[in-house]
Amino acid sequence: MKNGSMLRVENLTKVFNTGFIKGFEIRAVDDVSFTINKGEIVSLIGESGSGKTTIGKLILHLLTPTSGRILFKNRDISKLKGADLKAYYQDVQGVFQDPFSSVNPLHRVDHVFDIIFENLLKDVDEKEKNVLVEDALRNVKLNPKNILGKYPHQLSGGQLQRVLLARALILRPQLLIADEIVSMLDASVRIGVLNLLGEFRDKYGMSVLFITHDLSLGYYISDKAIIMYRGRIVEMGDIKKVFHNPLHPYTQMLLQSVPDLNVKWEFKKRIEPEKEEKGIYAISGCRYVFRCPRKVEICQKDRPELLEVEKNHWVACHMYKR
Amino acid sequence: MIISRETLRIALGNTKFKVGLAIILIFILWAIIGPLLTPFDNMGYYPVKFGERIAPKPSLPSLKPGSIGEIFTPQGVVKVKHYLGTDSFGRDIYAQLVYGLKSSLVIGLIAGGLATLIGLLIGFVAGYKGGWTDEGLMMITNIMLVIPTMALLIIIAAYLPYRGVGIESLIIGLTAWPWTARAVRAQTLSLKRRGFVELAKISGMRESKILLKEILPNMMSYVFMVFILQFGGSILAAVGLDFIGLGPTRGMSLGIMLQQAVLWNAINLGYWWWAIPPGLVIAILITGLYLINTGLDEIFNPRLRRE
């Protein structure tokens with residue numbers, strides 16, 4: 001597995017400090033390690049504030065990690081600069097959460113394509129470029145005639161999000177960081193876009209880090225799931241194992257809270273909403289301890305490490321310590 | 001383009017903006033054309049030719065607005081109409097007013113422009129670079145902010161033996177930038193975290209290009225408003241300096257007119273036409289600028305629009 005890994009994240013930590021003198025720390029990502037193999041779609045699942053977007057930005061070299069390493073094809077990306085960084089961006093691309101803030105409101109949408117041709121694909125001539133752009137737009141089920149030449153505010157969020165996906169796919173990246181890319185889309189288009197990611201994986205061996213809060217979407221396309229809670233991985237492994245045999249109390253709660261189309265909703269007592277606990281990043285024990293229905297004394301003091309409970313299935317919970 | 005046709009349409013539909021713009025445009029035109037149409041010089045004297053030499057001659061003192069003044073020249077007596085009367089020295093008030101308006105607008109333009117430019121540069125670099133650059137630049141800015149500007153202006157102005165409009169603009173411009181820098185820094189801080197900057201980064205765009213093509217255009221509307229504010233602020237600062245006698249040593253300005261009116265007891269003597277016009281012109285000018293600013297606020301911020 002080590003040899004096939006395309007991206008390896010080792011003990012990644014990112015701490016944000018608020019305030020210059022009398023601030024407090026937010027450990028957005030805390031000692032996270034995982035790998036993504038070639039042609040693998042990995043779902044990074046967590047509620048808001050779990051650090052999933054921060055991981056995406058760290059991998060895209062938009063933030064500098066506080067500690068830990070990110071290795072892409074066995075090369076540490078933190079030292080990349082200039083031409084090397086450009087080469088990295090040809091291999092690793094991203095689509096961000098909020099399409100409206102991802103495009104400059106003053107430029108036409110064509111601008112997002114122009115800048116990649118200006119900076120990353122300099123050899124492509126004008127004619128080829130137009131063909132590439134139009135094909136890419138058709139791939140994401142958009143009609144180029146209705147999109148090109150328009151200003152961002154004239155398009156819907158779903159259209160813009162697909163434009164940005166088209167932009168990333170033109171580069172045929174080996175790794176795509178897809179941050180909530182389908183949450184803005186209609187249900188009908190959503191499956192189309194997910195299938196497109198699958199198609200790119202099959203055709204070009206593209207890996208995807210699929211960042212989402214939606215469990216069913218994660219299940220639909222992924223090979224592997226990583227469940228995060230407050231900056232730490234609580235459960236990780238083969239998607240089928242994680243979803244059919246959830247081990248961590250948090251994962252169990254998450255799966256319970258997915259609405260079922262065939263069952264009328266009744267309020268289930270065990271689903272607890274997120275609370276803003278004071279000092280959550282300072283406690284020495286498990287971060288989930290405040291919400292956990294099955295907490296015992298040790299949870300307060302000791303932080304559980306990830307354990308491989310069965311093959312390809314890790315969980316960080318004291319219940320499974322042997 | 002930065003200012004699109006759409007923005008222009010909204011701008012011309014905004015009454016506040018239109019009224020403000022009209023006031024300022026009329027004043028600018030008046031300041032350009034006015035001096036050409038009056039026979040008096042900038043101090044309000046009538047230039048009389050003595051062969052090669054030109055000597056400024058006063059008219060009759062303390063004439064009411066609209067009266068006819070007489071100037072004695074070698075060629076005989078010249079009769080001239082004084083639209084706004086004359087002061088205690090027989091100088092034409094109207095001529096002083098238009099020349100004063102002109103120098104006030106020039107000061108506003110140079111000092112306001114300079115303050116905007118410095119503030120923009122410092123705020124932009126501090127906000128974008130962050131870290132120690134930010135700390136250092138903001139320290140300088142904060143120090144400048146807490147120094148009482150008027151006192152500083154008085155000290156600098158008092159040390160200069162000769163002061164022209166240019167020097168005055170320079171001193172005002174060099175002291176008025178700090179709050180602009182702070183405001184621009186805040187704006188830059190918010191802009192640099194927008195998604196489109198990150199998108200430009202992962203598109204391999206160079207940092208300098210991101211600054212010029214992605215961030216700066218988004219700040220233009222803001223910069224424009226800051227300039228209008230600085231323009232008005234500089235005019236008022238200049239009037240303040242002139243009023244306490246630290247204005248241009250030669251020439252006329254609205255502040256100098258006010259100063260002299262007070263100095264020679266215009267109000268006590270009932271010469272309202274000497275004291276009121278400069279004050280009124282300043283008040284209307286600043287009102288016009290204020291209207292433009294609130295109008296622009298509504299134009300650039302759709303939420304303030306009442307349609």
# chains A, B, ... in the order shown; residues from 1 in each chain; ligands from 1
call {"tool": "interface_residues", "arguments": {"of": "chain B", "to": "chain A", "cutoff": "9 Å", "atoms": "only C-alpha atoms", "output": "ChimeraX atom specification"}}
result
/B:1-2,194-206,214-215,217-218
call {"tool": "select_by_dssp", "arguments": {"residues": "region 171-296 of chain B", "states": "alpha helix (DSSP H)", "output": "ChimeraX atom specification"}}
result
/B:171-176,178-192,195-202,207-209,216-243,254-263,272-296
call {"tool": "select_by_dssp", "arguments": {"residues": "region 47-124 of chain A", "states": "strand (DSSP E)", "output": "VMD selection string"}}
result
chain A and resid 67 to 72 75 to 76 92 to 95
call {"tool": "residues_around", "arguments": {"residues": "Leu229 (chain B)", "least_positions_apart": "3", "cutoff": "9 Å", "atoms": "only C-alpha atoms", "output": "ChimeraX atom specification"}}
result
/B:112,224-226,232-234,289-290,293
call {"tool": "residues_around", "arguments": {"residues": "Glu305 (chain A)", "least_positions_apart": "3", "cutoff": "8 Å", "atoms": "only C-alpha atoms", "output": "PyMOL selection string"}}
result
chain A and resi 315-317
call {"tool": "residues_around", "arguments": {"residues": "Leu63 (chain A)", "least_positions_apart": "6", "cutoff": "12 Å", "atoms": "only C-alpha atoms", "output": "number ranges by chain"}}
result
A: 12-16, 28-29, 53-57, 70, 77-78; B: 193, 198, 201-202
call {"tool": "decode", "arguments": {"residues": "region 144-189 of chain B", "atoms": "N, CA and C atoms", "output": "compact mmCIF listing (two decimals), in the first residue's frame"}}
result
# COMPACT_ATOMS: atom_id res chain seq x y z
N MET B 144 1.17 58.02 13.97
CA MET B 144 0.70 59.20 13.23
C MET B 144 -0.72 59.57 13.64
N LEU B 145 -1.52 58.54 13.93
CA LEU B 145 -2.92 58.79 14.28
C LEU B 145 -3.06 59.54 15.60
N VAL B 146 -2.18 59.20 16.57
CA VAL B 146 -2.36 59.82 17.88
C VAL B 146 -1.69 61.19 17.98
N ILE B 147 -0.79 61.51 17.03
CA ILE B 147 -0.24 62.87 17.04
C ILE B 147 -1.34 63.83 16.63
N PRO B 148 -1.58 64.88 17.41
CA PRO B 148 -2.62 65.83 16.99
C PRO B 148 -2.19 66.54 15.70
N THR B 149 -2.90 66.23 14.63
CA THR B 149 -2.49 66.67 13.30
C THR B 149 -2.43 68.19 13.20
N MET B 150 -3.44 68.85 13.76
CA MET B 150 -3.49 70.30 13.62
C MET B 150 -2.27 70.94 14.27
N ALA B 151 -1.89 70.42 15.46
CA ALA B 151 -0.71 70.97 16.15
C ALA B 151 0.54 70.76 15.30
N LEU B 152 0.64 69.57 14.71
CA LEU B 152 1.80 69.27 13.86
C LEU B 152 1.83 70.21 12.66
N LEU B 153 0.66 70.39 12.05
CA LEU B 153 0.57 71.29 10.89
C LEU B 153 1.02 72.69 11.27
N ILE B 154 0.57 73.16 12.44
CA ILE B 154 0.91 74.52 12.88
C ILE B 154 2.42 74.65 13.04
N ILE B 155 3.03 73.64 13.68
CA ILE B 155 4.47 73.71 13.92
C ILE B 155 5.23 73.73 12.58
N ILE B 156 4.86 72.79 11.69
CA ILE B 156 5.57 72.73 10.41
C ILE B 156 5.38 74.04 9.65
N ALA B 157 4.12 74.50 9.58
CA ALA B 157 3.82 75.69 8.81
C ALA B 157 4.54 76.91 9.38
N ALA B 158 4.64 76.97 10.72
CA ALA B 158 5.26 78.13 11.34
C ALA B 158 6.76 78.18 11.05
N TYR B 159 7.38 77.00 10.81
CA TYR B 159 8.82 76.98 10.55
C TYR B 159 9.19 77.41 9.14
N LEU B 160 8.22 77.33 8.24
CA LEU B 160 8.54 77.64 6.84
C LEU B 160 8.41 79.14 6.58
N PRO B 161 9.48 79.78 6.13
CA PRO B 161 9.40 81.22 5.88
C PRO B 161 8.51 81.53 4.68
N TYR B 162 8.61 80.73 3.65
CA TYR B 162 7.76 80.96 2.49
C TYR B 162 6.82 79.78 2.34
N ARG B 163 5.54 80.04 2.21
CA ARG B 163 4.59 78.95 2.02
C ARG B 163 3.72 79.23 0.82
N GLY B 164 3.69 78.27 -0.08
CA GLY B 164 2.78 78.39 -1.23
C GLY B 164 1.69 77.35 -1.09
N VAL B 165 0.83 77.31 -2.09
CA VAL B 165 -0.25 76.33 -2.09
C VAL B 165 0.32 74.91 -2.14
N GLY B 166 1.40 74.74 -2.91
CA GLY B 166 2.02 73.42 -3.06
C GLY B 166 2.52 72.89 -1.73
N ILE B 167 3.27 73.75 -1.00
CA ILE B 167 3.83 73.32 0.30
C ILE B 167 2.69 72.98 1.26
N GLU B 168 1.66 73.83 1.25
CA GLU B 168 0.54 73.60 2.16
C GLU B 168 -0.11 72.24 1.86
N SER B 169 -0.32 71.95 0.57
CA SER B 169 -0.92 70.67 0.20
C SER B 169 -0.04 69.52 0.68
N LEU B 170 1.27 69.70 0.52
CA LEU B 170 2.20 68.65 0.90
C LEU B 170 2.11 68.34 2.39
N ILE B 171 2.08 69.40 3.22
CA ILE B 171 2.02 69.14 4.67
C ILE B 171 0.70 68.47 5.02
N ILE B 172 -0.37 68.92 4.42
CA ILE B 172 -1.67 68.32 4.76
C ILE B 172 -1.71 66.87 4.28
N GLY B 173 -1.25 66.65 3.04
CA GLY B 173 -1.26 65.29 2.49
C GLY B 173 -0.44 64.33 3.31
N LEU B 174 0.71 64.80 3.82
CA LEU B 174 1.61 63.92 4.57
C LEU B 174 1.11 63.62 5.97
N THR B 175 0.08 64.35 6.43
CA THR B 175 -0.41 64.06 7.77
C THR B 175 -1.81 63.43 7.76
N ALA B 176 -2.46 63.41 6.59
CA ALA B 176 -3.86 62.98 6.58
C ALA B 176 -4.05 61.51 6.23
N TRP B 177 -2.96 60.79 5.91
CA TRP B 177 -3.13 59.44 5.37
C TRP B 177 -3.45 58.34 6.39
N PRO B 178 -3.13 58.49 7.70
CA PRO B 178 -3.21 57.29 8.56
C PRO B 178 -4.56 56.58 8.59
N TRP B 179 -5.65 57.29 8.70
CA TRP B 179 -6.91 56.53 8.80
C TRP B 179 -7.25 55.86 7.49
N THR B 180 -6.82 56.47 6.37
CA THR B 180 -7.01 55.80 5.08
C THR B 180 -6.25 54.48 5.07
N ALA B 181 -5.02 54.52 5.57
CA ALA B 181 -4.20 53.31 5.60
C ALA B 181 -4.90 52.21 6.40
N ARG B 182 -5.46 52.58 7.53
CA ARG B 182 -6.13 51.59 8.37
C ARG B 182 -7.35 50.99 7.66
N ALA B 183 -8.12 51.88 7.03
CA ALA B 183 -9.33 51.39 6.35
C ALA B 183 -8.97 50.49 5.17
N VAL B 184 -7.95 50.89 4.41
CA VAL B 184 -7.55 50.09 3.25
C VAL B 184 -6.98 48.75 3.70
N ARG B 185 -6.26 48.76 4.81
CA ARG B 185 -5.71 47.51 5.34
C ARG B 185 -6.84 46.53 5.66
N ALA B 186 -7.87 47.04 6.34
CA ALA B 186 -8.99 46.18 6.70
C ALA B 186 -9.64 45.58 5.45
N GLN B 187 -9.79 46.42 4.44
CA GLN B 187 -10.41 45.98 3.18
C GLN B 187 -9.55 44.90 2.52
N THR B 188 -8.23 45.13 2.51
CA THR B 188 -7.33 44.16 1.89
C THR B 188 -7.36 42.83 2.65
N LEU B 189 -7.38 42.92 3.97
CA LEU B 189 -7.42 41.70 4.78
C LEU B 189 -8.62 40.85 4.41
